[in-house]
file model.cif (mmCIF, C-alpha atoms and all ligand atoms)
data_model
#
loop_
_atom_site.label_atom_id
_atom_site.label_comp_id
_atom_site.auth_asym_id
_atom_site.auth_seq_id
_atom_site.Cartn_x
_atom_site.Cartn_y
_atom_site.Cartn_z
CA MET A 1 26.43 51.23 136.19
CA PRO A 2 27.20 54.86 135.31
CA VAL A 3 24.38 56.70 133.51
CA PRO A 4 25.34 56.61 129.81
CA GLU A 5 25.73 59.77 127.72
CA PRO A 6 24.75 60.05 124.05
CA GLY A 7 27.36 60.20 121.29
CA GLU A 8 27.02 61.35 117.67
CA GLY A 9 23.52 60.60 116.32
CA GLU A 10 22.30 59.19 119.65
CA ALA A 11 19.89 60.24 122.38
CA LYS A 12 19.64 59.43 126.07
CA VAL A 13 16.19 58.37 127.19
CA ARG A 14 14.79 57.94 130.70
CA ILE A 15 12.86 54.70 130.49
CA VAL A 16 9.31 55.04 131.85
CA GLU A 17 8.04 51.52 131.13
CA THR A 18 9.39 48.50 129.30
CA PRO A 19 7.59 45.23 128.54
CA VAL A 20 8.79 41.70 129.22
CA ASN A 21 8.33 40.20 125.76
CA PRO A 22 8.98 36.58 124.68
CA SER A 23 11.90 37.84 122.53
CA ASP A 24 13.57 39.41 125.60
CA LEU A 25 13.46 36.04 127.36
CA LEU A 26 14.86 34.18 124.36
CA TYR A 27 17.67 36.74 124.26
CA VAL A 28 18.47 36.40 127.96
CA ARG A 29 18.67 32.63 127.48
CA GLY A 30 21.05 32.98 124.54
CA GLN A 31 18.47 31.66 122.07
CA TYR A 32 17.76 34.77 120.02
CA ALA A 33 19.68 34.59 116.78
CA GLY A 34 18.37 37.91 115.43
CA VAL A 35 20.53 39.90 117.89
CA GLN A 36 23.09 38.36 120.21
CA GLU A 37 25.60 40.47 122.09
CA PRO A 38 28.34 38.74 124.09
CA PHE A 39 27.33 38.35 127.75
CA PRO A 40 27.16 40.13 130.10
CA ALA A 41 24.88 42.31 128.00
CA PRO A 42 22.09 44.80 128.69
CA MET A 43 18.61 43.61 127.74
CA GLY A 44 15.12 44.84 126.89
CA PHE A 45 14.22 45.70 123.31
CA GLU A 46 11.10 47.83 123.64
CA GLY A 47 9.66 50.59 125.80
CA VAL A 48 8.53 54.16 126.31
CA GLY A 49 10.72 56.93 127.62
CA ILE A 50 11.45 60.64 127.82
CA VAL A 51 14.31 62.18 125.84
CA GLU A 52 16.77 63.68 128.37
CA ALA A 53 19.83 64.43 126.25
CA ILE A 54 20.66 64.59 122.56
CA GLY A 55 24.05 63.91 120.97
CA PRO A 56 25.59 65.91 118.11
CA GLY A 57 23.90 65.59 114.72
CA VAL A 58 20.42 64.65 115.99
CA LYS A 59 17.74 66.75 114.31
CA ASP A 60 14.21 65.46 114.82
CA LEU A 61 14.07 65.09 118.61
CA THR A 62 13.62 67.55 121.45
CA ILE A 63 14.42 67.19 125.13
CA GLY A 64 11.33 66.23 127.14
CA GLN A 65 9.64 64.46 124.22
CA ARG A 66 7.93 61.14 124.96
CA VAL A 67 9.08 58.46 122.56
CA SER A 68 8.71 54.79 121.79
CA VAL A 69 12.15 53.19 122.17
CA VAL A 70 13.03 50.15 120.09
CA ASN A 71 16.49 49.38 121.34
CA GLY A 72 18.00 47.10 118.71
CA ARG A 73 21.07 46.31 120.86
CA GLY A 74 18.98 45.63 123.96
CA GLY A 75 19.19 47.74 127.10
CA ASN A 76 15.71 49.08 127.92
CA TRP A 77 15.40 47.12 131.18
CA ALA A 78 17.20 50.00 132.86
CA GLU A 79 16.62 53.52 134.15
CA TYR A 80 18.36 55.06 131.15
CA ALA A 81 19.19 53.91 127.65
CA VAL A 82 21.30 55.50 124.94
CA VAL A 83 20.12 54.59 121.46
CA PRO A 84 20.55 55.80 117.88
CA ALA A 85 18.01 58.59 117.30
CA GLY A 86 16.47 56.56 114.46
CA GLU A 87 15.21 54.02 117.01
CA LEU A 88 13.07 56.64 118.74
CA PHE A 89 9.64 57.68 117.55
CA HIS A 90 7.54 60.49 118.99
CA VAL A 91 4.02 59.13 119.53
CA PRO A 92 1.04 61.52 119.90
CA ASP A 93 0.08 62.36 123.50
CA ASP A 94 -3.43 60.86 123.36
CA ILE A 95 -1.90 57.36 123.29
CA SER A 96 -1.17 56.00 126.77
CA ASP A 97 2.29 55.11 128.09
CA ASP A 98 1.31 51.42 128.22
CA GLN A 99 0.51 51.42 124.50
CA VAL A 100 3.60 53.43 123.56
CA ALA A 101 5.72 50.95 125.56
CA SER A 102 4.48 48.21 123.20
CA PHE A 103 4.25 50.37 120.11
CA VAL A 104 6.35 48.43 117.64
CA ILE A 105 7.13 44.73 118.10
CA ASN A 106 3.63 43.25 118.21
CA PRO A 107 1.57 45.95 116.44
CA ALA A 108 4.02 46.22 113.54
CA SER A 109 4.27 42.42 113.26
CA ALA A 110 0.50 41.98 113.13
CA ILE A 111 0.27 44.55 110.33
CA VAL A 112 3.37 43.43 108.41
CA MET A 113 2.49 39.72 108.49
CA VAL A 114 -1.19 40.10 107.57
CA ARG A 115 -1.10 43.06 105.18
CA HIS A 116 2.41 43.04 103.68
CA VAL A 117 4.06 39.62 103.74
CA LEU A 118 1.01 37.36 103.33
CA ALA A 119 -1.23 40.14 101.96
CA VAL A 120 -4.26 38.07 102.94
CA PRO A 121 -7.18 38.98 100.65
CA LYS A 122 -10.66 39.87 101.90
CA GLY A 123 -12.80 36.82 102.60
CA ALA A 124 -9.84 34.37 102.88
CA TRP A 125 -9.18 32.21 105.93
CA LEU A 126 -6.13 33.00 108.04
CA MET A 127 -5.12 30.35 110.58
CA GLN A 128 -3.04 31.18 113.65
CA SER A 129 -1.72 29.42 116.75
CA ALA A 130 -1.21 31.00 120.20
CA ALA A 131 -4.25 33.04 119.24
CA GLY A 132 -4.71 34.27 122.81
CA SER A 133 -1.30 35.99 122.87
CA GLU A 134 -1.23 39.77 122.75
CA LEU A 135 -0.13 39.57 119.12
CA GLY A 136 -2.76 36.90 118.34
CA ARG A 137 -5.52 39.17 119.66
CA MET A 138 -4.26 42.01 117.46
CA VAL A 139 -4.37 39.68 114.46
CA ILE A 140 -7.99 38.69 115.26
CA ARG A 141 -9.13 42.33 115.46
CA LEU A 142 -7.10 43.40 112.41
CA ALA A 143 -8.45 40.51 110.35
CA LYS A 144 -12.01 41.42 111.35
CA ARG A 145 -11.39 45.01 110.29
CA ASP A 146 -9.92 43.87 106.94
CA GLY A 147 -12.70 41.35 106.17
CA ILE A 148 -10.47 38.29 106.70
CA ARG A 149 -11.82 35.20 108.50
CA THR A 150 -9.71 33.65 111.26
CA VAL A 151 -9.20 30.09 112.48
CA ASN A 152 -7.63 30.37 115.90
CA ILE A 153 -5.81 27.68 117.85
CA VAL A 154 -5.50 27.87 121.64
CA ARG A 155 -4.31 25.39 124.24
CA ARG A 156 -6.81 26.43 126.96
CA ARG A 157 -10.57 26.05 126.45
CA GLU A 158 -11.25 29.14 128.65
CA ALA A 159 -9.57 31.33 126.00
CA ALA A 160 -12.05 30.32 123.27
CA GLU A 161 -15.10 32.36 124.38
CA GLU A 162 -12.98 35.43 125.03
CA LEU A 163 -11.47 35.28 121.56
CA LYS A 164 -14.90 34.89 119.94
CA ARG A 165 -15.96 38.08 121.70
CA LEU A 166 -12.95 39.81 120.11
CA GLY A 167 -14.15 38.74 116.66
CA ALA A 168 -12.54 35.31 116.13
CA ASP A 169 -14.60 33.37 113.56
CA VAL A 170 -13.51 29.90 114.68
CA VAL A 171 -11.50 28.76 117.70
CA PHE A 172 -10.07 25.24 118.01
CA VAL A 173 -8.61 23.89 121.23
CA SER A 174 -5.46 21.97 120.34
CA GLY A 175 -6.31 19.11 122.73
CA ASP A 176 -9.59 18.39 120.89
CA GLY A 177 -7.90 16.43 118.09
CA PRO A 178 -5.56 17.05 115.15
CA ILE A 179 -5.96 20.61 113.84
CA ASP A 180 -5.69 19.52 110.19
CA GLU A 181 -8.64 17.16 110.61
CA GLN A 182 -10.72 19.87 112.30
CA VAL A 183 -9.80 22.40 109.59
CA ARG A 184 -10.52 20.10 106.64
CA GLU A 185 -13.76 18.83 108.16
CA LYS A 186 -15.22 22.11 109.40
CA ILE A 187 -13.58 24.99 107.50
CA ALA A 188 -12.00 24.20 104.16
CA PRO A 189 -11.76 20.64 102.74
CA GLU A 190 -8.87 21.79 100.51
CA GLY A 191 -7.04 23.39 103.45
CA VAL A 192 -6.31 27.05 104.23
CA LYS A 193 -4.06 29.30 102.16
CA TYR A 194 -2.66 31.52 104.93
CA ALA A 195 -1.24 30.65 108.34
CA ILE A 196 1.01 32.17 111.01
CA ASP A 197 2.58 30.07 113.76
CA PRO A 198 4.72 31.05 116.77
CA VAL A 199 4.27 27.71 118.61
CA VAL A 200 6.05 25.25 116.22
CA GLY A 201 6.44 21.59 117.36
CA GLU A 202 3.34 19.41 117.09
CA ILE A 203 1.02 22.42 116.62
CA GLY A 204 3.14 23.78 113.76
CA THR A 205 3.25 20.30 112.20
CA GLN A 206 -0.54 20.00 112.31
CA MET A 207 -0.87 23.51 110.89
CA PHE A 208 1.44 22.60 108.01
CA ARG A 209 -0.85 19.65 107.25
CA SER A 210 -3.84 22.05 107.30
CA LEU A 211 -2.42 24.08 104.40
CA HIS A 212 -3.98 24.25 100.96
CA GLU A 213 -1.68 23.01 98.18
CA ASP A 214 -0.88 26.69 97.50
CA GLY A 215 -0.77 27.49 101.22
CA ARG A 216 1.88 29.60 102.92
CA MET A 217 2.73 29.59 106.62
CA LEU A 218 4.87 32.16 108.41
CA VAL A 219 6.77 30.74 111.39
CA TYR A 220 7.40 33.69 113.71
CA GLY A 221 8.14 32.28 117.15
CA SER A 222 9.52 29.30 118.99
CA LEU A 223 7.19 28.91 121.97
CA THR A 224 7.70 25.14 122.30
CA GLY A 225 11.25 25.11 120.89
CA GLU A 226 10.41 21.87 119.09
CA PRO A 227 10.73 21.07 115.37
CA ILE A 228 7.97 21.32 112.77
CA ARG A 229 7.89 18.02 110.86
CA VAL A 230 7.29 18.70 107.18
CA GLY A 231 8.32 15.52 105.40
CA GLU A 232 6.83 12.75 107.50
CA ASP A 233 3.58 12.47 105.51
CA PRO A 234 4.20 12.38 101.73
CA ARG A 235 0.61 13.53 101.01
CA TYR A 236 1.71 17.05 101.94
CA ILE A 237 5.08 17.25 100.20
CA LEU A 238 4.61 15.20 97.04
CA ALA A 239 1.72 17.39 95.98
CA GLY A 240 1.20 21.12 95.66
CA ARG A 241 3.55 23.88 96.72
CA ARG A 242 3.11 24.51 100.41
CA ILE A 243 5.51 27.16 101.72
CA VAL A 244 6.87 27.40 105.25
CA GLU A 245 8.62 30.74 105.68
CA VAL A 246 10.41 32.46 108.54
CA TYR A 247 9.05 35.84 109.62
CA TRP A 248 11.19 38.21 111.70
CA LEU A 249 10.19 41.85 112.14
CA GLY A 250 13.82 43.06 112.19
CA TYR A 251 14.31 41.72 108.67
CA TRP A 252 11.25 43.49 107.29
CA LEU A 253 11.94 46.80 109.05
CA LYS A 254 15.34 46.86 107.33
CA LYS A 255 13.71 46.15 103.96
CA PHE A 256 11.11 48.90 104.34
CA SER A 257 11.82 52.24 102.64
CA ALA A 258 11.53 55.45 104.71
CA SER A 259 8.07 56.10 103.27
CA GLN A 260 6.91 52.55 104.04
CA THR A 261 8.13 52.95 107.63
CA GLU A 262 6.30 56.28 107.94
CA GLN A 263 3.14 54.66 106.61
CA LEU A 264 3.56 51.76 109.05
CA ASN A 265 3.84 54.20 111.98
CA ARG A 266 0.72 56.03 110.79
CA ASP A 267 -1.14 52.71 110.51
CA ILE A 268 -0.08 51.69 114.02
CA ILE A 269 -1.31 55.01 115.45
CA GLU A 270 -4.65 54.75 113.65
CA LEU A 271 -5.17 51.09 114.59
CA MET A 272 -4.04 51.70 118.17
CA ARG A 273 -6.56 54.52 118.57
CA ALA A 274 -9.23 52.15 117.23
CA GLY A 275 -8.21 49.51 119.81
CA ILE A 276 -7.12 47.05 117.10
CA VAL A 277 -3.42 46.81 117.85
CA GLU A 278 -3.92 47.56 121.53
CA THR A 279 -1.96 45.67 124.20
CA SER A 280 -3.76 44.71 127.41
CA THR A 281 -1.85 45.79 130.47
CA GLY A 282 -0.91 43.21 133.05
CA ARG A 283 1.15 43.54 136.21
CA LYS A 284 3.87 46.13 136.68
CA TYR A 285 7.12 45.59 138.55
CA SER A 286 10.16 47.59 139.61
CA LEU A 287 13.57 46.61 138.22
CA ASP A 288 14.41 44.97 141.55
CA GLN A 289 11.46 42.65 141.06
CA ILE A 290 12.80 41.19 137.84
CA ASN A 291 12.48 37.58 139.03
CA GLU A 292 8.77 37.98 139.85
CA ALA A 293 8.25 39.86 136.57
CA VAL A 294 9.78 37.07 134.47
CA THR A 295 7.89 34.36 136.38
CA GLN A 296 4.63 36.27 135.85
CA ALA A 297 5.39 36.87 132.14
CA GLU A 298 5.65 33.10 131.62
CA GLN A 299 2.53 32.10 133.57
CA THR A 300 0.08 29.99 131.58
CA GLY A 301 -3.12 31.98 131.05
CA ARG A 302 -1.45 35.25 132.11
CA LYS A 303 -3.70 38.29 131.71
CA GLY A 304 -2.07 41.20 129.90
CA LYS A 305 1.52 42.17 129.15
CA VAL A 306 3.96 42.43 132.06
CA TYR A 307 5.86 45.72 132.38
CA LEU A 308 8.96 46.85 134.23
CA VAL A 309 8.69 50.39 135.58
CA PRO A 310 12.20 51.62 136.48
CA GLY A 311 10.88 54.64 138.40
CA MET A 312 8.63 52.52 140.62
CA GLY A 313 11.37 51.73 143.17
CA ALA A 314 11.79 48.45 145.01
CA GLY A 315 9.04 47.13 147.21
CA ASN A 316 6.27 49.34 145.82
CA GLY A 317 4.00 46.37 145.21
CA SER A 318 3.68 44.29 142.11
CA ALA A 319 0.06 44.36 141.07
CA LYS A 320 -0.51 47.92 139.87
CA LYS A 321 -2.84 47.87 136.85
N1 LIG B 401 9.19 37.04 114.65
C1 LIG B 401 8.94 38.26 115.10
O1 LIG B 401 9.43 39.25 114.58
C2 LIG B 401 8.02 38.43 116.27
C3 LIG B 401 7.54 39.68 116.60
C4 LIG B 401 6.65 39.79 117.67
C5 LIG B 401 6.29 38.66 118.40
N2 LIG B 401 6.82 37.45 118.04
C6 LIG B 401 6.43 36.21 118.74
O2 LIG B 401 5.03 36.20 118.87
C7 LIG B 401 4.68 35.35 119.94
C8 LIG B 401 3.61 36.04 120.78
O3 LIG B 401 4.15 37.21 121.38
P1 LIG B 401 3.28 37.99 122.49
O4 LIG B 401 4.07 39.14 122.98
O5 LIG B 401 1.94 38.27 121.91
O6 LIG B 401 3.18 36.86 123.60
P2 LIG B 401 2.33 36.75 124.92
O7 LIG B 401 1.29 37.81 125.02
O8 LIG B 401 3.31 36.56 126.02
O9 LIG B 401 1.53 35.38 124.72
C9 LIG B 401 2.14 34.15 124.65
C10 LIG B 401 1.03 33.17 124.22
O10 LIG B 401 1.64 31.96 123.86
C11 LIG B 401 0.93 30.89 124.39
N3 LIG B 401 1.92 29.83 124.65
C12 LIG B 401 3.04 29.94 125.40
N4 LIG B 401 3.71 28.77 125.40
C13 LIG B 401 2.97 27.92 124.63
C14 LIG B 401 3.13 26.56 124.26
N5 LIG B 401 4.19 25.85 124.70
N6 LIG B 401 2.20 26.00 123.48
C15 LIG B 401 1.14 26.71 123.05
N7 LIG B 401 0.93 28.02 123.37
C16 LIG B 401 1.85 28.60 124.15
C17 LIG B 401 0.28 31.41 125.67
O11 LIG B 401 -0.88 30.67 125.88
P3 LIG B 401 -1.78 30.75 127.22
O12 LIG B 401 -2.66 31.96 127.02
O13 LIG B 401 -2.54 29.48 127.19
O14 LIG B 401 -0.85 30.87 128.38
C18 LIG B 401 0.00 32.86 125.30
O15 LIG B 401 -1.27 33.01 124.75
C19 LIG B 401 5.97 35.05 120.70
O16 LIG B 401 6.43 33.77 120.32
C20 LIG B 401 6.92 36.11 120.17
O17 LIG B 401 8.29 35.71 120.22
C21 LIG B 401 7.68 37.31 117.00
#
call {"tool": "encode", "arguments": {"input": "model.cif", "output": "structure tokens"}}
result
Amino acid sequence: MPVPEPGEGEAKVRIVETPVNPSDLLYVRGQYAGVQEPFPAPMGFEGVGIVEAIGPGVKDLTIGQRVSVVNGRGGNWAEYAVVPAGELFHVPDDISDDQVASFVINPASAIVMVRHVLAVPKGAWLMQSAAGSELGRMVIRLAKRDGIRTVNIVRRREAAEELKRLGADVVFVSGDGPIDEQVREKIAPEGVKYAIDPVVGEIGTQMFRSLHEDGRMLVYGSLTGEPIRVGEDPRYILAGRRIVEVYWLGYWLKKFSASQTEQLNRDIIELMRAGIVETSTGRKYSLDQINEAVTQAEQTGRKGKVYLVPGMGAGNGSAKK
């Protein structure tokens, strides 16, 4: 494809690194309702790059600046992307390219879900599924920092010890029996008030049944693609006021005022420097190795986030840390 040039209010960025996130894969499969361009369409929502050209009317960017690139239309899995200048953010130099490549989607979601949407108070229990995900690990460390206790659900026993070392208070393995029974027996007989779930299906259903009568659960992913069953057991719907609520970062970023967004960026920088919203780096691939990259991104028990590095060139090896 020809290298794109920026128009009014846009900038052209040379992409240095771009992650393979679950949302990218939903999008490629036509399952991402938040954004859906007609196919064929460019893809890749997040990344780090260098500003190479600026269109008319752009004020706050300079050529050569390193920026985080949240490409709302998709298109970061490429050597160059042209995006509205407002989707670029200059991140201080002491933060590594790997972290800047994953600057927004997971770090902002961890902060927005825990501190803004649920506003979990100190001392409360917060329950989460897929706790070993990159985002789940951020939530564990953030909760620890904020004095919140976490109940973490994983599907692999090996993940439990690792998460405890990160600061998880309790880890349940989903195969060890219904989560609601484990929660009510060992944590809170009345159930927990705060929960976040990207797994849905049977896990989400059991989490719903673990909620306190005033409990609230954010559903923020679709890892199994199966339904959460809310009404099958009347004990949990003909009593109390349990809330199941969709969380999507794009919605909240639009709601945030300019000063809230500035504060969020400052919080991400501070928490990234402290290692709290840090992403662990997995394998890196060239654009030509997209098939291997996607296969690796979906491996059970994968270690670290998978990145595409457009400048790496084909055949340069796939296991650079
Ligand atoms: N709504 C939003 O705005 C928003 C924003 C950011 C992220 N998200 C969502 O957050 C989730 C985590 O993102 P991430 O980047 O942190 O992901 P990630 O690092 O790729 O981790 C995925 C995790 O999900 C677990 N998993 C995958 N399939 C599963 C299944 N069928 N049942 C149970 N667990 C399963 C994996 O477990 P193993 O370790 O056992 O393999 C892994 O720990 C994704 O669903 C993503 O779409 C949503």
call {"tool": "residues_near_ligand", "arguments": {"input": "model.cif", "ligand": "ligand LIG 401 (chain B)", "cutoff": "8 Å", "atoms": "all atoms listed in the file", "output": "PDB file with C-alpha atoms, in the frame of the given file"}}
result
ATOM      1  CA  ASN A  21       8.330  40.200 125.760  1.00  0.00           C
ATOM      2  CA  PRO A  22       8.980  36.580 124.680  1.00  0.00           C
ATOM      3  CA  SER A  23      11.900  37.840 122.530  1.00  0.00           C
ATOM      4  CA  LEU A  26      14.860  34.180 124.360  1.00  0.00           C
ATOM      5  CA  ILE A 105       7.130  44.730 118.100  1.00  0.00           C
ATOM      6  CA  ASN A 106       3.630  43.250 118.210  1.00  0.00           C
ATOM      7  CA  SER A 109       4.270  42.420 113.260  1.00  0.00           C
ATOM      8  CA  ALA A 110       0.500  41.980 113.130  1.00  0.00           C
ATOM      9  CA  SER A 129      -1.720  29.420 116.750  1.00  0.00           C
ATOM     10  CA  ALA A 130      -1.210  31.000 120.200  1.00  0.00           C
ATOM     11  CA  ALA A 131      -4.250  33.040 119.240  1.00  0.00           C
ATOM     12  CA  GLY A 132      -4.710  34.270 122.810  1.00  0.00           C
ATOM     13  CA  SER A 133      -1.300  35.990 122.870  1.00  0.00           C
ATOM     14  CA  GLU A 134      -1.230  39.770 122.750  1.00  0.00           C
ATOM     15  CA  LEU A 135      -0.130  39.570 119.120  1.00  0.00           C
ATOM     16  CA  GLY A 136      -2.760  36.900 118.340  1.00  0.00           C
ATOM     17  CA  ARG A 137      -5.520  39.170 119.660  1.00  0.00           C
ATOM     18  CA  VAL A 154      -5.500  27.870 121.640  1.00  0.00           C
ATOM     19  CA  ARG A 155      -4.310  25.390 124.240  1.00  0.00           C
ATOM     20  CA  ARG A 156      -6.810  26.430 126.960  1.00  0.00           C
ATOM     21  CA  ALA A 159      -9.570  31.330 126.000  1.00  0.00           C
ATOM     22  CA  PRO A 198       4.720  31.050 116.770  1.00  0.00           C
ATOM     23  CA  VAL A 199       4.270  27.710 118.610  1.00  0.00           C
ATOM     24  CA  ILE A 203       1.020  22.420 116.620  1.00  0.00           C
ATOM     25  CA  VAL A 219       6.770  30.740 111.390  1.00  0.00           C
ATOM     26  CA  TYR A 220       7.400  33.690 113.710  1.00  0.00           C
ATOM     27  CA  GLY A 221       8.140  32.280 117.150  1.00  0.00           C
ATOM     28  CA  SER A 222       9.520  29.300 118.990  1.00  0.00           C
ATOM     29  CA  LEU A 223       7.190  28.910 121.970  1.00  0.00           C
ATOM     30  CA  THR A 224       7.700  25.140 122.300  1.00  0.00           C
ATOM     31  CA  VAL A 246      10.410  32.460 108.540  1.00  0.00           C
ATOM     32  CA  TYR A 247       9.050  35.840 109.620  1.00  0.00           C
ATOM     33  CA  TRP A 248      11.190  38.210 111.700  1.00  0.00           C
ATOM     34  CA  LEU A 249      10.190  41.850 112.140  1.00  0.00           C
ATOM     35  CA  GLY A 250      13.820  43.060 112.190  1.00  0.00           C
ATOM     36  CA  ALA A 297       5.390  36.870 132.140  1.00  0.00           C
ATOM     37  CA  GLU A 298       5.650  33.100 131.620  1.00  0.00           C
ATOM     38  CA  GLN A 299       2.530  32.100 133.570  1.00  0.00           C
ATOM     39  CA  THR A 300       0.080  29.990 131.580  1.00  0.00           C
ATOM     40  CA  GLY A 301      -3.120  31.980 131.050  1.00  0.00           C
ATOM     41  CA  ARG A 302      -1.450  35.250 132.110  1.00  0.00           C
ATOM     42  CA  LYS A 303      -3.700  38.290 131.710  1.00  0.00           C
ATOM     43  CA  GLY A 304      -2.070  41.200 129.900  1.00  0.00           C
ATOM     44  CA  LYS A 305       1.520  42.170 129.150  1.00  0.00           C
TER      45      LYS A 305
END
call {"tool": "closest_residue", "arguments": {"input": "model.cif", "among": "A:Val48, A:Met217, A:Val230, A:Val306", "to": "Phe103 of chain A", "atoms": "only C-alpha atoms"}}
result
A:Val48
call {"tool": "closest_residue", "arguments": {"input": "model.cif", "among": "A:Glu87, A:Glu232, A:Glu5, A:Glu185", "to": "Val70 of chain A", "atoms": "only C-alpha atoms"}}
result
A:Glu87
call {"tool": "residues_near_point", "arguments": {"input": "model.cif", "point": "(-2.0, 49.0, 122.7)", "cutoff": "7 Å", "atoms": "all atoms listed in the file", "output": "number ranges by chain"}}
result
A: 98-99, 102-103, 272, 275, 277-280
call {"tool": "closest_residue", "arguments": {"input": "model.cif", "among": "A:Ala258, A:Ile140, A:Val151, A:Ile228", "to": "Arg165 of chain A", "atoms": "all atoms listed in the file"}}
result
A:Ile140
call {"tool": "decode", "arguments": {"input": "model.cif", "residues": "segment 225-290 of chain A", "atoms": "C-alpha atoms", "output": "mmCIF file, in the first residue's frame"}}
result
data_model
loop_
_atom_site.group_PDB
_atom_site.id
_atom_site.type_symbol
_atom_site.label_atom_id
_atom_site.label_comp_id
_atom_site.auth_asym_id
_atom_site.auth_seq_id
_atom_site.Cartn_x
_atom_site.Cartn_y
_atom_site.Cartn_z
ATOM 1 C CA GLY A 225 -17.995 -15.942 23.853
ATOM 2 C CA GLU A 226 -20.683 -17.700 25.888
ATOM 3 C CA PRO A 227 -23.662 -16.179 27.726
ATOM 4 C CA ILE A 228 -23.796 -15.229 31.400
ATOM 5 C CA ARG A 229 -26.950 -16.788 32.871
ATOM 6 C CA VAL A 230 -28.561 -14.349 35.278
ATOM 7 C CA GLY A 231 -32.105 -15.597 35.744
ATOM 8 C CA GLU A 232 -31.732 -19.339 36.161
ATOM 9 C CA ASP A 233 -31.564 -19.285 39.979
ATOM 10 C CA PRO A 234 -34.303 -17.083 41.508
ATOM 11 C CA ARG A 235 -32.308 -16.692 44.764
ATOM 12 C CA TYR A 236 -30.132 -14.152 42.957
ATOM 13 C CA ILE A 237 -32.747 -12.166 41.062
ATOM 14 C CA LEU A 238 -35.746 -12.125 43.389
ATOM 15 C CA ALA A 239 -33.678 -10.545 46.123
ATOM 16 C CA GLY A 240 -31.363 -7.562 46.313
ATOM 17 C CA ARG A 241 -30.179 -5.375 43.471
ATOM 18 C CA ARG A 242 -27.265 -7.057 41.771
ATOM 19 C CA ILE A 243 -26.012 -5.084 38.767
ATOM 20 C CA VAL A 244 -24.310 -6.519 35.701
ATOM 21 C CA GLU A 245 -22.877 -3.679 33.636
ATOM 22 C CA VAL A 246 -20.914 -3.455 30.407
ATOM 23 C CA TYR A 247 -17.529 -1.740 30.577
ATOM 24 C CA TRP A 248 -15.836 -0.484 27.400
ATOM 25 C CA LEU A 249 -12.864 1.883 27.591
ATOM 26 C CA GLY A 250 -13.881 3.740 24.397
ATOM 27 C CA TYR A 251 -17.141 4.775 26.045
ATOM 28 C CA TRP A 252 -15.442 6.151 29.145
ATOM 29 C CA LEU A 253 -12.675 7.961 27.246
ATOM 30 C CA LYS A 254 -15.383 9.841 25.331
ATOM 31 C CA LYS A 255 -17.134 10.743 28.594
ATOM 32 C CA PHE A 256 -13.965 12.036 30.249
ATOM 33 C CA SER A 257 -13.355 15.804 30.197
ATOM 34 C CA ALA A 258 -9.980 17.104 28.963
ATOM 35 C CA SER A 259 -8.797 17.536 32.550
ATOM 36 C CA GLN A 260 -9.895 14.003 33.502
ATOM 37 C CA THR A 261 -7.983 12.631 30.502
ATOM 38 C CA GLU A 262 -4.887 14.618 31.486
ATOM 39 C CA GLN A 263 -5.157 13.266 35.020
ATOM 40 C CA LEU A 264 -5.582 9.723 33.683
ATOM 41 C CA ASN A 265 -2.402 10.085 31.592
ATOM 42 C CA ARG A 266 -0.512 11.393 34.630
ATOM 43 C CA ASP A 267 -1.788 8.458 36.702
ATOM 44 C CA ILE A 268 -0.718 5.963 34.034
ATOM 45 C CA ILE A 269 2.793 7.463 33.921
ATOM 46 C CA GLU A 270 3.131 7.411 37.708
ATOM 47 C CA LEU A 271 1.765 3.862 38.044
ATOM 48 C CA MET A 272 3.836 2.633 35.098
ATOM 49 C CA ARG A 273 7.020 3.996 36.664
ATOM 50 C CA ALA A 274 6.055 2.183 39.878
ATOM 51 C CA GLY A 275 5.582 -1.078 37.926
ATOM 52 C CA ILE A 276 1.865 -1.223 38.763
ATOM 53 C CA VAL A 277 0.375 -0.882 35.298
ATOM 54 C CA GLU A 278 3.386 -2.474 33.644
ATOM 55 C CA THR A 279 2.962 -4.959 30.780
ATOM 56 C CA SER A 280 5.289 -7.968 30.648
ATOM 57 C CA THR A 281 6.931 -8.338 27.286
ATOM 58 C CA GLY A 282 6.529 -11.577 25.392
ATOM 59 C CA ARG A 283 7.715 -12.546 21.936
ATOM 60 C CA LYS A 284 8.254 -10.075 19.119
ATOM 61 C CA TYR A 285 7.511 -10.711 15.456
ATOM 62 C CA SER A 286 7.894 -8.946 12.130
ATOM 63 C CA LEU A 287 4.756 -8.073 10.144
ATOM 64 C CA ASP A 288 5.458 -11.010 7.834
ATOM 65 C CA GLN A 289 5.187 -13.328 10.817
ATOM 66 C CA ILE A 290 1.625 -12.334 11.597
#
